[in-house]
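To start, the structure under review is shown below, and the notes come after it.
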Amino acid sequence: MERIEKLLSQYREEMMETVQKWVRIPSVKSDALPGAPFGAEAKRALDTAMEDCRRMGMKTESFDGYAGHADLGEGSTREALAILAHLDVVPAGDGWSRDPFGGQRIDGKIYGRGTGDDKGPAVAALYAMRAVKEAGIPLKRKVRLILGCDEECGSSDLAYYMTQTEMPRSGFSPDADYPVINIEKGGCHIQLQGKLSKEGLQVKFMQIGERPNVIPGFASAIVYGDEAVAKAAEAAGENLGFPVKAEAKDGEVKIETVGINGHAAFPSHGRNAIGQMLLVFKELGAKGALLDLAEAVGMTYNGENLGIGMRDDISGELTCSQDIIKIDGETVETLMDIRYPVLLNMDAMVELIRMRLPDFKVNVLASHKPHHVSAHTELVQELLEAYHEVTGGEKKTIAIGGGTYAQSMEEGVAFGALFPGEVEMAHQADEYISEESLYQNARIFARAIVRLAGEKE
């Protein structure tokens, strides 16, 4: 490993600059174009990454703008060691203090949407492969870096990819936490549709949220009322403990509330502005569907008030995040991101929601099953050794609520890239990755490659 360590040290500055370059491409999903199913910027991100892979001596192949891969070594694709990362990012959202697509380096950190989720880890994996290649390490199996462009919106990229080429059986995705995540909860997007009551507070319009996996950090609504309603809304915010601003004009009141952006897999780490607004509505006398949503969901994050709160000893607690809402004066439609424990039956959970909210239509728009890989596999044990060698950290497996690319493989796990004790910045304002963490990721990934794909001495 001495030769690999020396090479990675030499690459360090170039690696930082590559992350900056990739982050400066705003690869948020947009309207499809010919050859660019997720928009021009996502395609540009893929083309840029593939060019960098070729420049480092990898064999590359792209698949109609959906995804691409870069190979190190030869051998069976099915038995290759796969490393899966994504180039698409969620929208910047509100609350940034610097350019979300600027890739600025400040005080040892690189800022920008995608630095941690997932461009930075993808770059670290690429440079780890380069170091193994240039160190002349003999390989017993091919190593394949697979880069997708639609992870944040349902992974249709990999669905297409797997119709065009074979997916390796085993590998890891650096899109979560260390040490090794061998259990991922099941997940679903639940749509609720209800009719507004003619009694109580009347809401004219509200439309908040961009993605079902992003906790909104800002919400605004127009309700009918006067100066007294505006004052009552601000007083409600003071009583509830979060900022609310309200202004009355011409028989209408504009209400704004500020929360904290976050990832729907970790709803307790953010502060949901939609939930805040619903609680304000409740204080202002909302009835019917709005009151039901305030009481059944509100700012809770574990589904307890919705009747689905549960945890198990294998994968932990259910999480529930209300991330999109639209109110048009007659109806309310909201979308929730739910991550549920391995031992919970999704169909039964949906029936519990229907029982709790009988006046709503309840639709499942998307779902994925729980994923579990034994901690005793060679894959998991060697990844834990690679992590321990670099960090000295505990060799243990954990469960998360996120749904990563790891689920696309029979034996896939999430491995990094967030170290224990680091702040989770994915989907938040001022997302960043520290330069030292990026470098340590490359060191860990290089060891993982050698342990799992290198010829044994």
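Going by the structure tokens order, chains are called A, B, ..., each with residues numbered from 1, while ligands are numbered from 1 in the order shown.
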- prompt: Got a sec: who's within 12 Å of Arg24 of chain A, counting only C-alpha atoms, leaving out chain neighbours fewer than 4 positions off, as a list in words?
  reply: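 The residues satisfying every condition are Glu17, Thr18, Val19, Gln20, Val28, Glu41, Ala42, Arg44, Ala45, Thr48, Leu87, Val89, Asp99, Pro100, Phe101, Gly102, Gly103, Gln104, Ile110, Tyr111, Gly112, Arg113, Gly114, Thr115 and Lys119 of chain A.
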Next, dump the selected residues to file, keeping only C-alpha atoms, as a CSV table (one decimal), in the first residue's frame.
```
chain,number,residue,atom,x,y,z
A,17,GLU,CA,-10.0,20.5,-8.3
A,18,THR,CA,-11.9,17.6,-10.0
A,19,VAL,CA,-14.6,17.8,-7.3
A,20,GLN,CA,-14.9,21.5,-7.9
A,28,VAL,CA,-30.5,18.9,-11.3
A,41,GLU,CA,-26.8,19.5,-17.3
A,42,ALA,CA,-27.1,15.9,-16.1
A,44,ARG,CA,-22.9,17.3,-19.2
A,45,ALA,CA,-22.0,15.9,-15.8
A,48,THR,CA,-17.4,15.2,-18.0
A,87,LEU,CA,-23.9,12.5,-10.5
A,89,VAL,CA,-28.2,16.4,-7.3
A,99,ASP,CA,-23.0,29.9,-4.6
A,100,PRO,CA,-24.5,26.3,-4.4
A,101,PHE,CA,-22.8,25.5,-7.7
A,102,GLY,CA,-19.6,27.5,-7.1
A,103,GLY,CA,-17.4,24.7,-5.8
A,104,GLN,CA,-15.7,27.2,-3.4
A,110,ILE,CA,-15.4,22.4,-0.6
A,111,TYR,CA,-18.9,23.9,-0.8
A,112,GLY,CA,-21.6,23.1,-3.3
A,113,ARG,CA,-24.6,20.9,-4.0
A,114,GLY,CA,-23.4,17.4,-4.5
A,115,THR,CA,-20.0,17.8,-2.7
A,119,LYS,CA,-19.9,13.8,-6.5
```
query: Excluding same-chain residues fewer than 6 positions from Val423 of chain A, what lies within 12 Å of it counting only C-alpha atoms, as a PyMOL selection string?
result: chain A and resi 116+177+262+266+269-270+417+430-434+437
task: Write out as a list of chain:residue names which residues come within 12 Å of Ser268 of chain A when counting only C-alpha atoms, dropping same-chain ones fewer than 2 positions away.
output: A:Ile215, A:Gly259, A:Ile260, A:Asn261, A:Gly262, A:His263, A:Ala264, A:Ala265, A:Phe266, A:Gly270, A:Arg271, A:Asn272, A:Met299, A:Thr300, A:Tyr301, A:Asn302, A:Gly303, A:Glu317, A:Leu318, A:Thr319, A:Cys320, A:Ser321, A:Glu424
query: Which residue, A:Ile314, A:Ala289, A:Ala122, A:Val364, has the smallest gap to Asp175 of chain A when you use only C-alpha atoms?
result: A:Ala122
Could you go through segment 265-348 of chain A and tell me which residues DSSP, when run on the backbone, assigns to strand (DSSP E or B), listing them as a PDB file with C-alpha atoms, in the first residue's frame?
```pdb
ATOM      1  CA  ARG A 271     -37.122  21.364  10.587  1.00  0.00           C
ATOM      2  CA  ALA A 286     -58.284  25.319  10.446  1.00  0.00           C
ATOM      3  CA  ARG A 311     -39.219   0.342  15.277  1.00  0.00           C
ATOM      4  CA  ASP A 312     -37.400  -2.988  15.279  1.00  0.00           C
ATOM      5  CA  GLY A 316     -34.483   0.980  13.876  1.00  0.00           C
ATOM      6  CA  GLU A 317     -37.340   3.477  13.736  1.00  0.00           C
ATOM      7  CA  THR A 319     -39.374   7.903   9.650  1.00  0.00           C
ATOM      8  CA  CYS A 320     -41.977  10.046   7.930  1.00  0.00           C
ATOM      9  CA  SER A 321     -41.377  13.371   6.202  1.00  0.00           C
ATOM     10  CA  GLN A 322     -44.039  15.528   4.491  1.00  0.00           C
ATOM     11  CA  ASP A 323     -42.034  17.183   1.723  1.00  0.00           C
ATOM     12  CA  ILE A 324     -44.471  18.464  -0.934  1.00  0.00           C
ATOM     13  CA  ILE A 325     -47.859  20.135  -0.538  1.00  0.00           C
ATOM     14  CA  LYS A 326     -50.309  21.948  -2.810  1.00  0.00           C
ATOM     15  CA  ILE A 327     -53.461  23.758  -1.703  1.00  0.00           C
ATOM     16  CA  THR A 331     -58.291  20.611  -2.300  1.00  0.00           C
ATOM     17  CA  VAL A 332     -55.070  19.718  -0.551  1.00  0.00           C
ATOM     18  CA  GLU A 333     -52.558  17.270  -1.951  1.00  0.00           C
ATOM     19  CA  THR A 334     -49.433  16.285  -0.071  1.00  0.00           C
ATOM     20  CA  LEU A 335     -46.585  13.820  -0.570  1.00  0.00           C
ATOM     21  CA  MET A 336     -44.820  12.001   2.240  1.00  0.00           C
ATOM     22  CA  ASP A 337     -41.508  10.136   2.201  1.00  0.00           C
ATOM     23  CA  ILE A 338     -41.674   7.136   4.547  1.00  0.00           C
ATOM     24  CA  ARG A 339     -38.742   4.864   5.434  1.00  0.00           C
ATOM     25  CA  TYR A 340     -39.985   1.782   7.283  1.00  0.00           C
TER      26      TYR A 340
END
```
Spatial neighbours of Ala406 of chain A, max dist 7 Å, only C-alpha atoms, sep filter under 4 positions, as number ranges by chain: A: 172-173, 412-414
Residues of the last selection are to be written out with N, CA and C atoms, as a JSON list (two decimals), in the first residue's frame.
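Below is the file part.json, written as the result:
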```
[["chain", "number", "residue", "atom", "x", "y", "z"],
["A", 172, "PHE", "N", -20.29, -1.87, -3.66],
["A", 172, "PHE", "CA", -20.71, -0.90, -2.65],
["A", 172, "PHE", "C", -21.00, 0.45, -3.29],
["A", 173, "SER", "N", -21.78, 1.24, -2.54],
["A", 173, "SER", "CA", -22.12, 2.59, -2.97],
["A", 173, "SER", "C", -21.67, 3.56, -1.88],
["A", 412, "GLY", "N", -25.10, -5.90, -2.33],
["A", 412, "GLY", "CA", -24.64, -4.52, -2.33],
["A", 412, "GLY", "C", -24.81, -3.87, -0.98],
["A", 413, "VAL", "N", -23.83, -3.08, -0.58],
["A", 413, "VAL", "CA", -23.90, -2.35, 0.69],
["A", 413, "VAL", "C", -23.52, -0.90, 0.44],
["A", 414, "ALA", "N", -23.88, -0.05, 1.38],
["A", 414, "ALA", "CA", -23.42, 1.34, 1.36],
["A", 414, "ALA", "C", -22.17, 1.43, 2.23]]
```
- prompt: Among segment 179-403 of chain A, which residues carry a DSSP assignment of alpha helix (DSSP H), reported as a PyMOL selection string?
  reply: chain A and resi 227-240+273-283+288-296+346-356+378-391
field: Straight-line distance linking atom CA of Ser367 of chain A with atom CA of Gly186 of chain A, stated in Å to one decimal
entry: 7.6 Å
query: Any idea what's packed within 12 Å of Asp250 of chain A, counting only C-alpha atoms, ignoring anything in its chain fewer than 2 positions away? Could you give it as a count of residues only?
result: 11
Coordinates-based distance that separates atom CA of Met56 of chain A from atom CA of Leu139 of chain A (Å, one decimal):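 Taking atom CA of Leu139 of chain A and atom CA of Met56 of chain A, their separation equals 17.1 Å.
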message: When you look at Ala32 of chain A with a cut-off of 12 Å (counting only C-alpha atoms), what residues show up, excluding the ones that are within fewer than 5 positions of it in the same chain? I need them as a list in words.
response: Pro37, Phe38, Gly39, Ala40, Glu41, Ala42, Lys43, Asp64, Gly65, Tyr66 and Asp150 of chain A
Output the selection as a compact mmCIF listing (two decimals), in the first residue's frame - N, CA, C and O atoms for each residue.
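Printed below is out.txt as written:
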```
# COMPACT_ATOMS: atom_id res chain seq x y z
N PRO A 37 -31.88 12.21 -21.17
CA PRO A 37 -33.19 11.93 -20.57
C PRO A 37 -33.47 12.70 -19.30
O PRO A 37 -34.64 12.85 -18.91
N PHE A 38 -32.43 13.21 -18.63
CA PHE A 38 -32.62 13.96 -17.39
C PHE A 38 -32.20 15.42 -17.53
O PHE A 38 -31.97 16.11 -16.55
N GLY A 39 -32.09 15.86 -18.78
CA GLY A 39 -31.75 17.25 -19.04
C GLY A 39 -30.30 17.44 -19.45
O GLY A 39 -29.45 16.56 -19.28
N ALA A 40 -30.03 18.63 -19.99
CA ALA A 40 -28.70 18.92 -20.55
C ALA A 40 -27.60 18.89 -19.50
O ALA A 40 -26.49 18.42 -19.76
N GLU A 41 -27.87 19.40 -18.30
CA GLU A 41 -26.81 19.49 -17.29
C GLU A 41 -26.44 18.12 -16.73
O GLU A 41 -25.27 17.85 -16.45
N ALA A 42 -27.42 17.24 -16.55
CA ALA A 42 -27.11 15.88 -16.11
C ALA A 42 -26.26 15.16 -17.15
O ALA A 42 -25.30 14.45 -16.81
N LYS A 43 -26.59 15.38 -18.43
CA LYS A 43 -25.79 14.77 -19.50
C LYS A 43 -24.38 15.35 -19.51
O LYS A 43 -23.40 14.62 -19.71
N ASP A 64 -26.77 6.13 -23.36
CA ASP A 64 -27.84 7.03 -23.81
C ASP A 64 -28.18 8.13 -22.81
O ASP A 64 -29.32 8.58 -22.72
N GLY A 65 -27.17 8.58 -22.04
CA GLY A 65 -27.37 9.66 -21.10
C GLY A 65 -27.97 9.24 -19.77
O GLY A 65 -28.14 10.07 -18.88
N TYR A 66 -28.29 7.97 -19.62
CA TYR A 66 -28.84 7.47 -18.35
C TYR A 66 -27.75 7.22 -17.32
O TYR A 66 -27.90 7.56 -16.14
N ASP A 150 -29.90 9.67 -12.11
CA ASP A 150 -31.28 9.86 -11.66
C ASP A 150 -31.52 9.23 -10.30
O ASP A 150 -32.64 8.84 -9.98
```
- prompt: Near segment 376-390 of chain A, within 6 Å and counting only C-alpha atoms, which residues show up once chain neighbours fewer than 2 positions away are dropped, as a count of residues only?
  reply: 7
One-decimal distance in Å that lies between atom CA of Arg356 of chain A and atom CA of Leu306 of chain A: 6.3 Å
